[in-house]
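target11.txt follows (compact mmCIF, C-alpha atoms):
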```txt
# COMPACT_ATOMS: atom_id res chain seq x y z
CA MET Y 1 -12.28 37.45 2.23
CA ASP Y 2 -12.57 40.01 5.03
CA THR Y 3 -8.98 40.34 6.24
CA GLN Y 4 -8.09 41.08 9.86
CA PHE Y 5 -5.29 43.36 8.65
CA ALA Y 6 -7.35 46.25 7.31
CA LYS Y 7 -4.55 48.71 6.46
CA PHE Y 8 -0.79 48.44 6.10
CA LEU Y 9 1.09 51.17 8.01
CA GLN Y 10 4.74 50.41 8.57
CA ILE Y 11 7.81 48.23 8.06
CA GLY Y 12 10.05 47.96 11.13
CA ILE Y 13 13.73 47.17 10.56
CA ILE Y 14 16.25 46.32 13.28
CA VAL Y 15 19.68 47.85 12.66
CA GLU Y 16 23.01 47.64 14.46
CA ASN Y 17 23.75 51.37 14.23
CA ILE Y 18 20.95 53.81 13.45
CA ASP Y 19 23.27 56.68 12.50
CA GLU Y 20 25.10 54.52 9.96
CA ALA Y 21 21.81 53.14 8.61
CA ILE Y 22 20.45 56.67 8.11
CA LYS Y 23 23.64 57.60 6.20
CA HIS Y 24 23.17 54.59 3.92
CA TYR Y 25 19.51 55.41 3.31
CA ALA Y 26 20.57 58.99 2.46
CA GLU Y 27 22.83 57.56 -0.27
CA TYR Y 28 19.59 56.39 -1.93
CA GLY Y 29 17.87 59.75 -1.37
CA ILE Y 30 15.78 58.61 1.58
CA GLY Y 31 15.47 61.17 4.38
CA PRO Y 32 15.11 63.26 6.50
CA TRP Y 33 14.19 61.07 9.45
CA ARG Y 34 12.26 61.83 12.68
CA MET Y 35 14.11 60.53 15.72
CA GLY Y 36 12.58 58.95 18.81
CA GLY Y 37 13.05 56.11 21.24
CA ILE Y 38 11.44 53.60 23.52
CA ASP Y 39 12.50 52.81 27.07
CA ASN Y 40 11.05 51.80 30.43
CA LYS Y 41 10.59 55.46 31.39
CA VAL Y 42 8.25 56.01 28.44
CA PHE Y 43 6.64 52.57 28.68
CA PRO Y 44 6.89 51.35 32.30
CA GLU Y 45 4.28 48.61 31.69
CA ILE Y 46 6.17 46.55 29.10
CA ILE Y 47 5.28 42.88 28.84
CA VAL Y 48 7.48 40.51 26.83
CA ASN Y 49 6.29 36.95 26.21
CA GLY Y 50 3.88 37.36 29.13
CA LYS Y 51 6.55 38.65 31.58
CA LYS Y 52 6.47 42.12 33.18
CA GLY Y 53 9.48 44.22 34.15
CA VAL Y 54 11.61 43.46 31.08
CA GLU Y 55 14.26 46.08 30.29
CA ILE Y 56 13.97 47.88 26.98
CA CYS Y 57 15.81 50.79 25.39
CA THR Y 58 15.91 51.64 21.69
CA ARG Y 59 16.71 54.50 19.37
CA ASN Y 60 14.17 54.81 16.58
CA ALA Y 61 13.99 56.72 13.33
CA PHE Y 62 10.85 57.19 11.22
CA ILE Y 63 10.14 58.37 7.70
CA ASN Y 64 6.89 58.43 5.73
CA MET Y 65 7.33 57.37 2.12
CA TYR Y 66 5.34 55.65 -0.61
CA GLY Y 67 2.18 55.71 1.51
CA PHE Y 68 3.64 53.90 4.51
CA GLU Y 69 6.14 54.46 7.29
CA LEU Y 70 9.62 53.00 7.56
CA GLU Y 71 10.94 52.56 11.10
CA LEU Y 72 14.54 51.85 12.03
CA ILE Y 73 15.16 50.34 15.47
CA GLU Y 74 18.57 50.24 17.15
CA PRO Y 75 18.64 48.27 20.39
CA VAL Y 76 20.66 50.36 22.89
CA SER Y 77 20.79 47.97 25.85
CA ALA Y 78 19.88 44.43 26.75
CA SER Y 79 16.31 43.95 25.58
CA PRO Y 80 14.12 41.69 23.46
CA TYR Y 81 15.16 43.77 20.43
CA LYS Y 82 18.85 43.22 21.23
CA THR Y 83 18.29 39.47 21.60
CA TRP Y 84 16.44 39.42 18.29
CA LEU Y 85 19.32 41.29 16.58
CA GLU Y 86 21.88 38.86 18.04
CA GLU Y 87 19.86 35.83 16.91
CA HIS Y 88 18.80 37.04 13.45
CA GLY Y 89 21.04 39.94 12.48
CA PRO Y 90 19.80 43.22 11.03
CA GLY Y 91 16.71 43.16 8.85
CA ILE Y 92 12.94 43.32 8.70
CA HIS Y 93 11.45 42.68 12.12
CA HIS Y 94 7.78 43.58 11.80
CA ILE Y 95 5.00 45.16 9.84
CA ALA Y 96 2.41 47.37 11.50
CA VAL Y 97 -1.25 47.27 10.53
CA ILE Y 98 -4.61 48.66 11.48
CA THR Y 99 -6.90 45.77 12.36
CA ARG Y 100 -10.52 45.19 11.46
CA ASP Y 101 -11.45 44.15 15.00
CA PRO Y 102 -10.68 45.90 18.31
CA PHE Y 103 -7.23 45.46 19.89
CA GLU Y 104 -8.23 43.09 22.71
CA LYS Y 105 -10.27 40.89 20.36
CA VAL Y 106 -7.33 40.59 17.95
CA ILE Y 107 -5.04 39.54 20.81
CA GLU Y 108 -7.60 36.95 21.97
CA GLU Y 109 -7.94 35.64 18.41
CA HIS Y 110 -4.15 35.47 18.03
CA LYS Y 111 -3.85 33.49 21.28
CA ALA Y 112 -6.61 31.09 20.16
CA LEU Y 113 -4.96 30.53 16.77
CA THR Y 114 -1.32 30.28 17.87
CA GLY Y 115 -1.37 29.58 21.62
CA LYS Y 116 0.97 32.57 22.09
CA ASP Y 117 0.71 35.82 23.99
CA PRO Y 118 1.98 38.91 22.18
CA TRP Y 119 5.77 38.93 21.91
CA LEU Y 120 5.86 42.51 23.19
CA TRP Y 121 3.02 44.53 24.72
CA CYS Y 122 3.55 48.19 25.62
CA LYS Y 123 1.03 50.50 27.25
CA GLU Y 124 1.44 54.07 28.43
CA ALA Y 125 -1.72 55.71 29.74
CA ASN Y 126 -0.20 59.21 30.02
CA ILE Y 127 0.44 59.46 26.27
CA GLY Y 128 -2.49 57.23 25.36
CA MET Y 129 -0.48 54.68 23.44
CA GLU Y 130 -0.77 50.91 23.51
CA PHE Y 131 0.69 48.51 20.98
CA ALA Y 132 1.57 44.85 20.74
CA TYR Y 133 3.62 42.63 18.48
CA LEU Y 134 1.86 39.42 17.52
CA ASP Y 135 4.41 36.64 17.09
CA LEU Y 136 3.65 35.31 13.63
CA CYS Y 137 7.26 34.47 12.80
CA LYS Y 138 6.49 30.83 12.11
CA GLU Y 139 3.24 31.54 10.28
CA LEU Y 140 4.11 34.72 8.32
CA GLY Y 141 7.88 35.13 8.79
CA LEU Y 142 7.66 38.24 11.01
CA PHE Y 143 5.94 40.02 13.88
CA VAL Y 144 2.75 42.00 13.23
CA GLU Y 145 2.35 45.19 15.26
CA ILE Y 146 -1.17 46.28 16.20
CA TYR Y 147 -2.41 49.38 18.03
CA ASN Y 148 -5.09 50.15 20.59
CA GLU Y 149 -5.74 53.65 19.35
CA ASP Y 150 -6.35 55.47 16.10
CA LYS Y 151 -2.97 55.19 14.46
CA THR Y 152 -1.32 56.46 11.36
CA GLY Y 153 2.05 54.86 12.21
CA GLY Y 154 5.08 55.63 14.33
CA LEU Y 155 5.74 57.45 17.55
CA GLU Y 156 5.58 61.18 17.65
CA ALA Y 157 9.16 62.41 17.58
```

Turn this file's structure into structure tokens for me.
Amino acid sequence: MDTQFAKFLQIGIIVENIDEAIKHYAEYGIGPWRMGGIDNKVFPEIIVNGKKGVEICTRNAFINMYGFELELIEPVSASPYKTWLEEHGPGIHHIAVITRDPFEKVIEEHKALTGKDPWLWCKEANIGMEFAYLDLCKELGLFVEIYNEDKTGGLEA
């Protein structure tokens, strides 16, 4: 079978407090982390469930280990991530993959299969980054993040 998900890149985990989470990971020898964040200043064209102008602000931490990237996400303000944390609690939120087909085609295929737009779609022309979360929670138990650029995983810190 020729899978759409050609390469596994990342596990994204939502946490309540990124500083505390990093301390706990350090107890298991995992670190150091690269810090970053996402907000409307970095990604002014955020679309959530087909709606533009949704507020978003997160603190993120990244580490490469075992051939993939681990991402911690702390929602800082009201946002889709914050809502997700309130509804589900901390835990695995998404995996990120490189897809076999181009970005737009994968989104079209996802819509045809599920009837859903991407849960979150971020594009920033100035830094050349575009990514989307495909809502496969019912089908696969999580979101699947895809990219519209050559990607090795994670934001540059």

**Study point:** Test item: residues at most 8 Å from range 39-52 of chain Y, all atoms listed in the file, excluding those fewer than 6 positions along its chain, as an MDAnalysis selection string
**Key:** chainID Y and resid 58 80 117:124

Practice item. Take CA of Val106 in chain Y and CA of Asn126 in chain Y and report the distance between them in Å, one decimal. Key: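 So the answer is 23.3 Å.
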
Exercise for review: Quick one: pull the distance between CA of Ile11 in chain Y and CA of His93 in chain Y, Å, one decimal.
Suggested key: 7.8 Å

Practice item. Please indicate the distance in Å from CA of Gly67 in chain Y to CA of Glu149 in chain Y, rounded to one decimal place. Key: 19.6 Å

Check your understanding: Looking at Y:Glu86, Y:Glu109, Y:Glu145, Y:Asp135, which one is nearest to Phe8 in chain Y, with distances taken over only C-alpha atoms?
Key ->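 Once distances to Phe8 in chain Y are computed over only C-alpha atoms, the minimum belongs to Y:Glu145.
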
Exercise for review: Compare Y:Gly89, Y:Pro102, Y:Gly141, Y:Gly31 by their minimum atom-to-atom distance to Glu16 in chain Y, counting all atoms listed in the file, and give me the closest one.
Suggested key: Y:Gly89

Show me, as an mmCIF file with C-alpha atoms, in the coordinates of the input, the residues that have an atom within 12 Å of Gly91 in chain Y when counting all atoms listed in the file, minus same-chain residues fewer than 5 positions from it.
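The result, written out as part13.cif:
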```
data_model
loop_
_atom_site.group_PDB
_atom_site.id
_atom_site.type_symbol
_atom_site.label_atom_id
_atom_site.label_comp_id
_atom_site.auth_asym_id
_atom_site.auth_seq_id
_atom_site.Cartn_x
_atom_site.Cartn_y
_atom_site.Cartn_z
ATOM 1 C CA ILE Y 11 7.810 48.230 8.060
ATOM 2 C CA GLY Y 12 10.050 47.960 11.130
ATOM 3 C CA ILE Y 13 13.730 47.170 10.560
ATOM 4 C CA ILE Y 14 16.250 46.320 13.280
ATOM 5 C CA VAL Y 15 19.680 47.850 12.660
ATOM 6 C CA GLU Y 16 23.010 47.640 14.460
ATOM 7 C CA ALA Y 21 21.810 53.140 8.610
ATOM 8 C CA GLU Y 71 10.940 52.560 11.100
ATOM 9 C CA LEU Y 72 14.540 51.850 12.030
ATOM 10 C CA ILE Y 73 15.160 50.340 15.470
ATOM 11 C CA GLU Y 74 18.570 50.240 17.150
ATOM 12 C CA TYR Y 81 15.160 43.770 20.430
ATOM 13 C CA TRP Y 84 16.440 39.420 18.290
ATOM 14 C CA LEU Y 85 19.320 41.290 16.580
ATOM 15 C CA GLU Y 86 21.880 38.860 18.040
ATOM 16 C CA GLY Y 141 7.880 35.130 8.790
ATOM 17 C CA LEU Y 142 7.660 38.240 11.010
#
```

Review point. Do you know which residues are at most 9 Å from Asn148 in chain Y counting all atoms listed in the file, after dropping those on the same chain fewer than 2 positions away, and could you put them as number ranges by chain?
Key: Y: 102-104, 128-132, 146, 150-151

Box along x, y and z, 4 Å on every side, all listed atoms of range 70-82 of chain Y inside: centre and edge lengths in Å to one decimal, as JSON.
```
{"center_x": 15.2, "center_y": 47.3, "center_z": 17.2, "size_x": 19.2, "size_y": 19.3, "size_z": 27.2}
```

Review point. From the set Y:Gln10, Y:Gln4, Y:Asn17, Y:Ser79, which residue has the shortest atom-to-atom contact distance to Phe62 in chain Y, counting all atoms listed in the file?
Key: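 Using all atoms listed in the file, Phe62 in chain Y sits closest to Y:Gln10.
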
Revision key, fill the gap. Judged by all atoms listed in the file, the minimum distance to Pro75 in chain Y among Y:Asn60, Y:Thr114, Y:Thr99, Y:Thr3 is found for Y:Asn60

Exercise for review: Tell me which of Y:Arg59, Y:His94, Y:Lys23, Y:Lys116 sits closest to Ser77 in chain Y, counting only C-alpha atoms.
Suggested key: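 So, comparing all the options, the nearest one is Y:Arg59.
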
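Distances here use all atoms listed in the file; by that measure, the residue among Y:Leu136, Y:Ala6, Y:Ala125, Y:Cys57 closest to Lys82 in chain Y is Y:Cys57.
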